[in-house]
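*Asks:* Structure provided below as structure tokens; questions to follow.
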Amino acid sequence: MLVTMKLKLAIYLFIVSALYNFNSETYAHSTIKGNTGERAFLHIDRNIYIAGENLFFKLYLLDENSYKLSEISKIAYLTLRSRTNRSIAQIRLKVENGISYGSLFLSDTLSSGPYQLTVYTNWMRNSGEEYFFNKEIFIANRFDKELSALNLFSHDANRGNDSIKQSGAGAISMKIIPDKTEYSKGDKIKLEIIFPENSREVLANLSISVFEDLPGDDINLSLRSYLSTMPGNSGLRKIAYTENGRFLPEEKGEIISGWVIDQGSGGTVTNSCIFLSAEDSVVNLQYNFSDVNGFFRFLLKDYYYGKDIVFSIKDNPQNKKLKILLEDKFESNHNYKPVNNESNLALKDYILKSQDIVNIQKIYDAVYKADIKKQFKSSIICPKLYYKPNYSIKPSDFIPLVDFVDIAREILPPQLRLTKQNARYNISMADENQHLYMNEEPVIFLDGVLIDNINQIIQLGSDKIRRVDLVCTRYNYGNLVFPGILAIYSSSKEIKNIQPFDNSIRLKLEKFHPYSVFTTRMHSRDSSSVNPDFRQLLYWNPNIDISSNHTQVPEFYTSDHSGNYIIRVEGISTDGIPISVTAKIKVK
Amino acid sequence: MARVFLYLILIYFGADINGQTINPDSIFEPRLSGEMFHIRTGVRGKQFYNDDWAASNIKLSTGEWVFNKKLKYNGLMDEIIWLQTDSFRQIKLEKHFIDEFYFKDYSGKLVRFKRIRIKLSQLIDSSDIFVEVLAENKALLYVFRNIKIEGTDNVIEGGELYSYDLLVPRPLYILNLPDGETVYFRKIRRRILLNTLNDNYKTIFRDIIQHNHLIMRTEDDLTKLTNLLK
């Protein structure tokens with residue numbers, strides 16, 4: 001009887017275990033900080049902008065379960081879409097310790113209407129676009145006085161389910177205390193962030209905006225309310241690195257991916273070797289194979305940023321017409337559809353006033369600026385293929401020769417053999433270790449990029465070739481073996497005139513969006529200045545670290561524009577507790 | 001009942017197969033590169049530090065890591081050889097692309113080698129060599145596991161005369177003192193070591209050796225001594 005019970009229990013446990021494995025998709029990675037998802041929240045300086053202004057933003061990337069700043073993704077993606085789903089901006093952000101900030105210039109020519117900001121990480125894409133952070137803003141063209149598109153701007157689109165006010169309505173009882181409640185124009189403002197006396201020390205990262213209050217209700221979505229309304233807040237959802245969840249977290253850098261397609265059949269091609277190299281003065285190479293779904297990935301090193309990179313497929317044993325299709329991380333399956341709303345006359349008056357202000361500020365070139373605080377440069381650490389060639393020859397050291405045929409015959413060592421057959425040239429190289437010519441063609445690089453064959457550069461003479469490197473041995477790179485390496489460096493980037501392979505794709509890899517900050521007059525009114533100062537955004541600080549119960553915010557000044565202003569603070573403590581507080585001041 | 005268990009086992013493994021896992025570390029593992037290795041023949045004696053391929057981790061000059069590769073250190077060539085386990089190719093890894101490598105379990109201990117740039121007396125220019133790290137504290141102690149050809153052995157085999165180079169281990173100890181001075185010696189002897197030092201260090205070394213009852217005949221003693229230097 002006891003034996004039967006034990007057996008039943010064992011079977012039950014076995015079934016539970018098997019089903020768990022079946023459903024939860026096993027997790028194979030050891031270095032990641034836990035298999036949770038991420039949530040993104042974007043704090044922006046305002047919700048209504050005039051075309052020609054800067055939009056300032058701060059990204060909080062949070063661990064989905066603990067709400068602590070995420071240590072997983074190091075890259076985030078921000079898009080701005082118009083109501084016609086036209087992409088206005090696509091930005092790649094470098095995330096450092098779960099935060100990123102910057103600014104986005106809203107072009108003067110943008111038409112009036114609601115726009116949608118979306119932020120996400122590659123890791124978040126596994127959960128679907130409904131997990132992305134969306135925020136609706138309104139951008140008014142300076143010369144559109146009708147503002148008919150204002151009907152499409154939804155006040156409720158961004159609203160949370162709570163109203164964050166002063167006196168610790170946030171999850172952490174925090175106060176933002178201005179030194180006065182009423183200020184005159186050009187006055188200095190001092191803000192203090194205070195936690196209750198008896199509260200333990202709070203460590204947090206905050207962002208602050210001080211902007212003119214909009215007519216009607218506060219339409220900002222706070223971080224706290226966003227976290228409470230986000231779908232899938234069970235804390236149990238798991239994401240695993242499986243073929244189903246194919247979007248890998250960009251923990252160590254940007255991952256670029258794509259498919260190898262057979263243009264004949266339209267199907268994907270498995271086990272195809274894709275090469276990646278960048279135009280440079282050193283031979284650099286990475287390779288990877290397409291998987292069973294024809295999908296491939298590369299982890300991009302900082303070295304590639306700002307360079308032209310080339311993806312190619314070199315070996316094509318079945319002579320298929322292959323194509324490389326890169327994945328567009330900004331592609332969206334969800335259409336942005338603004339909801340039709342009743343016109344808000346008060347809001348229209350506010351925007352008309354803002355248009356006039358920006359017009360005046362523009363005339364005097366007195367619009368607040370976004371100053372770059374940190375730029376992300378490309379690294380000099382290069383994925384070099386070889387350290388030192390066996391031979392390195394500069395044709396300029398010899399008499400001028402008209403083409404590569406002459407260069408190979410006259411000045412290159414005999415280890416490189418150039419032959420002609422049916423009007424096509426072929427090369428082979430001797431293995432210096434074996435003292436034998438290798439039967440296969442060496443790999444050829446032009447300006448750091450792998451190219452198909454010697455005929456592509458055969459017409460280049462001494463005037464165009466700066467240096468020729470030869471690696472005369474069977475050279476292993478990963479699991480690949482190259483029968484010698486011939487690297488040619490041109491004096492004027494000849495690679496730009498050559499299609500390396502039929503299937504090659506070139507891509508200019510833009511650098512990451514810089515971290516930028518709001519700058520304006522940070523001192524008392526300059527009597528000599530005749531520039532007007534009607535700013536509706538008085539202050540924006542995206543990165544304030546709180547490490548005590550009493551923090552002084554760097555002081556700033558009111559403008560010459562009177563009105564009611566909102567001080568909005570958003571942030572997250574190191575324990576993962578959201579902080580969302582507002583206060584009001586008046587400028588007379 | 002056995003049949004039920006069989007089904008359950010099939011379900012279990014079926015589930016595992018279905019949830020194909022991806023390991024980003026293996027997808028994006030940096031590539032090792034180098035020439036095909038051709039072993040030096042016609043020699044008598046050991047040319048490798050380790051007779052068997054040792055499971056090793058490698059730190060590349062880019063700062064990236066490569067894990068669990070089968071390596072041998074060739075002391076005659078001062079090169080690290082990688083065995084590609086799927087193709088059984090032996091690759092002489094490009095030395096300048098490697099900062100460090102670890103034999104994870106060599107005779108029960110972790111052995112760490114690193115690349116340093118040094119001016120050896122027999123060479124005109126400075127060169128990069130792999131050295132085994134014995135101690136890295138205030139003072140640094142490395143040993144260059146050099147194997148030298150010292151003489152030849154002529155033998156008649158099958159009526160033919162063959163000449164073999166004789167390989168002899170000739171380690172070079174490199175001690176980088178806390179003040180930055182570097183001393184070199186080939187044998188571990190108290191007298192030899194003290195002779196390489198200036199008067200100040202001579203006194204310090206003598207004190208440490210006496211207080212800790214070090215015999216100064218083995219690498220263990222030398223390592224202890226180095227770790228005690230402040």
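How things are named: the first chain in the structure tokens is A, the next is B, and so on; residues count from 1 in each chain; ligands count from 1 in the order shown.
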Can you tell me which residues surround segment 36-39 of chain B at a distance of at most 7 Å, considering only C-alpha atoms, apart from same-chain residues fewer than 5 positions away, and format the answer as a PyMOL selection string?
*Replies:* (chain A and resi 474-476) or (chain B and resi 90-92)
*Asks:* With all heavy atoms retained, write the just-selected residues as an mmCIF file, in the first residue's frame.
*Replies:*
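The new file part.cif reads:
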```cif
data_model
loop_
_atom_site.group_PDB
_atom_site.id
_atom_site.type_symbol
_atom_site.label_atom_id
_atom_site.label_comp_id
_atom_site.auth_asym_id
_atom_site.auth_seq_id
_atom_site.Cartn_x
_atom_site.Cartn_y
_atom_site.Cartn_z
ATOM 1 N N ARG A 474 48.267 28.733 -43.910
ATOM 2 C CA ARG A 474 46.861 28.383 -43.642
ATOM 3 C C ARG A 474 46.495 29.006 -42.311
ATOM 4 O O ARG A 474 47.081 28.674 -41.281
ATOM 5 C CB ARG A 474 46.685 26.871 -43.576
ATOM 6 C CG ARG A 474 46.514 26.274 -44.920
ATOM 7 C CD ARG A 474 46.030 24.848 -44.878
ATOM 8 N NE ARG A 474 46.202 24.285 -46.202
ATOM 9 C CZ ARG A 474 45.335 24.470 -47.196
ATOM 10 N NH1 ARG A 474 44.232 25.154 -46.998
ATOM 11 N NH2 ARG A 474 45.576 23.964 -48.396
ATOM 12 N N TYR A 475 45.559 29.900 -42.362
ATOM 13 C CA TYR A 475 45.252 30.685 -41.166
ATOM 14 C C TYR A 475 43.865 30.319 -40.662
ATOM 15 O O TYR A 475 42.888 30.314 -41.425
ATOM 16 C CB TYR A 475 45.323 32.177 -41.506
ATOM 17 C CG TYR A 475 45.428 33.056 -40.292
ATOM 18 C CD1 TYR A 475 46.648 33.268 -39.664
ATOM 19 C CD2 TYR A 475 44.302 33.665 -39.747
ATOM 20 C CE1 TYR A 475 46.754 34.070 -38.543
ATOM 21 C CE2 TYR A 475 44.401 34.469 -38.622
ATOM 22 C CZ TYR A 475 45.624 34.663 -38.030
ATOM 23 O OH TYR A 475 45.722 35.458 -36.911
ATOM 24 N N ASN A 476 43.817 29.998 -39.386
ATOM 25 C CA ASN A 476 42.544 29.595 -38.777
ATOM 26 C C ASN A 476 41.896 30.772 -38.093
ATOM 27 O O ASN A 476 42.554 31.515 -37.363
ATOM 28 C CB ASN A 476 42.794 28.515 -37.718
ATOM 29 C CG ASN A 476 43.180 27.217 -38.351
ATOM 30 O OD1 ASN A 476 42.370 26.322 -38.508
ATOM 31 N ND2 ASN A 476 44.437 27.114 -38.758
ATOM 32 N N GLN B 90 45.160 21.371 -34.833
ATOM 33 C CA GLN B 90 45.917 22.031 -33.775
ATOM 34 C C GLN B 90 46.355 23.408 -34.277
ATOM 35 O O GLN B 90 46.991 23.510 -35.326
ATOM 36 C CB GLN B 90 47.131 21.196 -33.377
ATOM 37 C CG GLN B 90 46.709 19.881 -32.725
ATOM 38 C CD GLN B 90 47.893 19.062 -32.253
ATOM 39 O OE1 GLN B 90 48.977 19.582 -32.023
ATOM 40 N NE2 GLN B 90 47.672 17.770 -32.093
ATOM 41 N N ILE B 91 45.976 24.429 -33.539
ATOM 42 C CA ILE B 91 46.206 25.803 -33.980
ATOM 43 C C ILE B 91 47.172 26.488 -33.016
ATOM 44 O O ILE B 91 46.968 26.435 -31.803
ATOM 45 C CB ILE B 91 44.894 26.641 -33.990
ATOM 46 C CG1 ILE B 91 43.704 25.836 -34.518
ATOM 47 C CG2 ILE B 91 45.091 27.970 -34.708
ATOM 48 C CD1 ILE B 91 43.705 25.499 -35.938
ATOM 49 N N LYS B 92 48.191 27.097 -33.589
ATOM 50 C CA LYS B 92 49.103 27.927 -32.780
ATOM 51 C C LYS B 92 48.450 29.301 -32.667
ATOM 52 O O LYS B 92 48.393 30.064 -33.642
ATOM 53 C CB LYS B 92 50.459 28.029 -33.503
ATOM 54 C CG LYS B 92 51.497 28.792 -32.735
ATOM 55 C CD LYS B 92 52.817 28.797 -33.482
ATOM 56 C CE LYS B 92 52.839 29.890 -34.532
ATOM 57 N NZ LYS B 92 54.077 29.975 -35.286
#
```
*Asks:* Residues at most 7 Å from segment 182-197 of chain B, counting only C-alpha atoms, excluding those fewer than 2 positions away in the same chain, as a PDB file with N, CA, C and O atoms, in the first residue's frame?
*Replies:*
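Output file selection-v3.pdb follows:
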```
ATOM      1  N   PRO B 171      63.786  27.089 -16.867  1.00  0.00           N
ATOM      2  CA  PRO B 171      62.866  28.145 -16.415  1.00  0.00           C
ATOM      3  C   PRO B 171      63.622  29.422 -16.052  1.00  0.00           C
ATOM      4  O   PRO B 171      64.766  29.361 -15.588  1.00  0.00           O
ATOM      5  N   LEU B 172      62.974  30.533 -16.293  1.00  0.00           N
ATOM      6  CA  LEU B 172      63.544  31.823 -15.915  1.00  0.00           C
ATOM      7  C   LEU B 172      62.560  32.484 -14.946  1.00  0.00           C
ATOM      8  O   LEU B 172      61.384  32.694 -15.293  1.00  0.00           O
ATOM      9  N   TYR B 173      63.035  32.763 -13.743  1.00  0.00           N
ATOM     10  CA  TYR B 173      62.171  33.395 -12.744  1.00  0.00           C
ATOM     11  C   TYR B 173      62.295  34.903 -12.860  1.00  0.00           C
ATOM     12  O   TYR B 173      63.406  35.438 -12.978  1.00  0.00           O
ATOM     13  N   ILE B 174      61.142  35.545 -12.854  1.00  0.00           N
ATOM     14  CA  ILE B 174      61.098  37.005 -13.018  1.00  0.00           C
ATOM     15  C   ILE B 174      60.410  37.552 -11.774  1.00  0.00           C
ATOM     16  O   ILE B 174      59.226  37.290 -11.549  1.00  0.00           O
ATOM     17  N   LEU B 175      61.187  38.277 -10.963  1.00  0.00           N
ATOM     18  CA  LEU B 175      60.629  38.812  -9.727  1.00  0.00           C
ATOM     19  C   LEU B 175      60.587  40.335  -9.832  1.00  0.00           C
ATOM     20  O   LEU B 175      61.623  40.994  -9.948  1.00  0.00           O
ATOM     21  N   ASN B 176      59.379  40.824  -9.817  1.00  0.00           N
ATOM     22  CA  ASN B 176      59.173  42.271  -9.881  1.00  0.00           C
ATOM     23  C   ASN B 176      58.941  42.769  -8.456  1.00  0.00           C
ATOM     24  O   ASN B 176      57.937  42.452  -7.831  1.00  0.00           O
ATOM     25  N   LEU B 177      59.909  43.517  -7.934  1.00  0.00           N
ATOM     26  CA  LEU B 177      59.879  43.931  -6.528  1.00  0.00           C
ATOM     27  C   LEU B 177      58.922  45.111  -6.333  1.00  0.00           C
ATOM     28  O   LEU B 177      58.589  45.808  -7.301  1.00  0.00           O
ATOM     29  N   GLY B 180      59.389  48.365  -8.061  1.00  0.00           N
ATOM     30  CA  GLY B 180      59.365  48.364  -9.523  1.00  0.00           C
ATOM     31  C   GLY B 180      60.571  47.711 -10.162  1.00  0.00           C
ATOM     32  O   GLY B 180      60.566  47.406 -11.357  1.00  0.00           O
ATOM     33  N   ASP B 199      71.209  45.994  -1.576  1.00  0.00           N
ATOM     34  CA  ASP B 199      71.442  45.771  -0.139  1.00  0.00           C
ATOM     35  C   ASP B 199      70.161  45.874   0.682  1.00  0.00           C
ATOM     36  O   ASP B 199      69.945  45.107   1.621  1.00  0.00           O
ATOM     37  N   TYR B 201      66.999  45.258  -0.196  1.00  0.00           N
ATOM     38  CA  TYR B 201      66.173  44.056  -0.353  1.00  0.00           C
ATOM     39  C   TYR B 201      66.870  42.811   0.220  1.00  0.00           C
ATOM     40  O   TYR B 201      66.196  41.892   0.687  1.00  0.00           O
ATOM     41  N   LYS B 202      68.194  42.807   0.149  1.00  0.00           N
ATOM     42  CA  LYS B 202      68.929  41.654   0.718  1.00  0.00           C
ATOM     43  C   LYS B 202      68.535  41.479   2.176  1.00  0.00           C
ATOM     44  O   LYS B 202      68.222  40.373   2.634  1.00  0.00           O
ATOM     45  N   MET B 216      64.256  27.783   0.566  1.00  0.00           N
ATOM     46  CA  MET B 216      64.548  28.409  -0.729  1.00  0.00           C
ATOM     47  C   MET B 216      65.179  27.431  -1.723  1.00  0.00           C
ATOM     48  O   MET B 216      66.257  27.661  -2.257  1.00  0.00           O
ATOM     49  N   ARG B 217      64.456  26.347  -1.907  1.00  0.00           N
ATOM     50  CA  ARG B 217      64.883  25.375  -2.920  1.00  0.00           C
ATOM     51  C   ARG B 217      63.757  25.118  -3.932  1.00  0.00           C
ATOM     52  O   ARG B 217      64.002  24.557  -4.977  1.00  0.00           O
ATOM     53  N   THR B 218      62.543  25.482  -3.513  1.00  0.00           N
ATOM     54  CA  THR B 218      61.400  25.146  -4.360  1.00  0.00           C
ATOM     55  C   THR B 218      60.629  26.403  -4.776  1.00  0.00           C
ATOM     56  O   THR B 218      60.774  27.464  -4.167  1.00  0.00           O
TER      57      THR B 218
END
```
*Asks:* Please provide the set of residues having any atom within 9 Å of Tyr287 of chain A, restricted to only C-alpha atoms, with same-chain residues fewer than 5 positions apart removed, written as number ranges by chain.
*Replies:* A: 273-277, 298, 478; B: 31
*Asks:* For the residues selected in the previous step, produce a file with N, CA, C and O atoms as a PDB file, in the first residue's frame.
*Replies:*
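Ended up saving to out-v6.pdb:
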```
ATOM      1  N   CYS A 273      27.201  30.721 -43.895  1.00  0.00           N
ATOM      2  CA  CYS A 273      28.192  31.495 -43.141  1.00  0.00           C
ATOM      3  C   CYS A 273      28.140  32.964 -43.579  1.00  0.00           C
ATOM      4  O   CYS A 273      28.369  33.280 -44.740  1.00  0.00           O
ATOM      5  N   ILE A 274      27.834  33.834 -42.622  1.00  0.00           N
ATOM      6  CA  ILE A 274      27.710  35.268 -42.910  1.00  0.00           C
ATOM      7  C   ILE A 274      28.928  35.974 -42.315  1.00  0.00           C
ATOM      8  O   ILE A 274      29.284  35.732 -41.162  1.00  0.00           O
ATOM      9  N   PHE A 275      29.559  36.804 -43.119  1.00  0.00           N
ATOM     10  CA  PHE A 275      30.738  37.542 -42.665  1.00  0.00           C
ATOM     11  C   PHE A 275      30.357  39.003 -42.408  1.00  0.00           C
ATOM     12  O   PHE A 275      29.539  39.564 -43.133  1.00  0.00           O
ATOM     13  N   LEU A 276      30.983  39.560 -41.412  1.00  0.00           N
ATOM     14  CA  LEU A 276      30.797  40.976 -41.104  1.00  0.00           C
ATOM     15  C   LEU A 276      32.162  41.635 -41.016  1.00  0.00           C
ATOM     16  O   LEU A 276      33.045  41.151 -40.300  1.00  0.00           O
ATOM     17  N   SER A 277      32.354  42.683 -41.782  1.00  0.00           N
ATOM     18  CA  SER A 277      33.591  43.454 -41.645  1.00  0.00           C
ATOM     19  C   SER A 277      33.292  44.935 -41.856  1.00  0.00           C
ATOM     20  O   SER A 277      32.273  45.291 -42.453  1.00  0.00           O
ATOM     21  N   PHE A 298      24.674  38.911 -34.783  1.00  0.00           N
ATOM     22  CA  PHE A 298      26.030  39.379 -34.463  1.00  0.00           C
ATOM     23  C   PHE A 298      25.940  40.290 -33.253  1.00  0.00           C
ATOM     24  O   PHE A 298      25.036  41.122 -33.171  1.00  0.00           O
ATOM     25  N   GLY A 478      38.498  30.998 -35.819  1.00  0.00           N
ATOM     26  CA  GLY A 478      37.408  30.179 -35.294  1.00  0.00           C
ATOM     27  C   GLY A 478      37.509  28.798 -35.899  1.00  0.00           C
ATOM     28  O   GLY A 478      38.571  28.181 -35.862  1.00  0.00           O
TER      29      GLY A 478
ATOM     30  N   ARG B  31      36.117  34.642 -31.563  1.00  0.00           N
ATOM     31  CA  ARG B  31      36.836  33.606 -32.322  1.00  0.00           C
ATOM     32  C   ARG B  31      38.317  33.643 -31.976  1.00  0.00           C
ATOM     33  O   ARG B  31      38.902  34.711 -31.848  1.00  0.00           O
TER      34      ARG B  31
END
```
*Asks:* Determine the nearest neighbour of chain B from the options A:Asn426, A:Ser580, A:Ser290, A:Gln536, counting only C-alpha atoms.
*Replies:*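 Checking each candidate against chain B, we get A:Ser290 as the closest.
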*Asks:* Please identify all polymer residues within 12 Å of Ser111 of chain A, counting only C-alpha atoms, omitting same-chain residues fewer than 5 positions from it, and present them as a ChimeraX atom specification.
*Replies:* /A:49-52,81-84,86,88,106,138-150
*Asks:* Just give me the gap between atom CA of Thr62 of chain B and atom CA of Asp452 of chain A in Å, one decimal is fine.
*Replies:*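 Computing the Euclidean distance for atom CA of Thr62 of chain B and atom CA of Asp452 of chain A yields 28.1 Å.
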*Asks:* Enumerate as a ChimeraX atom specification all residues of segment 18-208 of chain B assigned to strand (DSSP E or B) by DSSP on the backbone, naming them with the chain letters and numbers the document uses.
*Replies:* /B:21,33-36,43-44,48,54-60,65-74,79-84,89-93,98-106,109-118,127-136,140-144,147-157,160-169,172-176,182-185
*Asks:* Between A:Val358, A:Leu450, A:Leu300, A:Leu325, which is the closest to chain B once you count only C-alpha atoms?
*Replies:*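 Checking each of A:Val358, A:Leu450, A:Leu300, A:Leu325 against chain B, counting only C-alpha atoms, the winner is A:Leu300.
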*Asks:* List the neighbours of segment 409-420 of chain A out to 9 Å using only C-alpha atoms; skip same-chain residues closer than 3 positions along the sequence, and give me the result as a ChimeraX atom specification.
*Replies:* /A:391,393,395,398,401,404-406,423-432,437,468,470,472,486
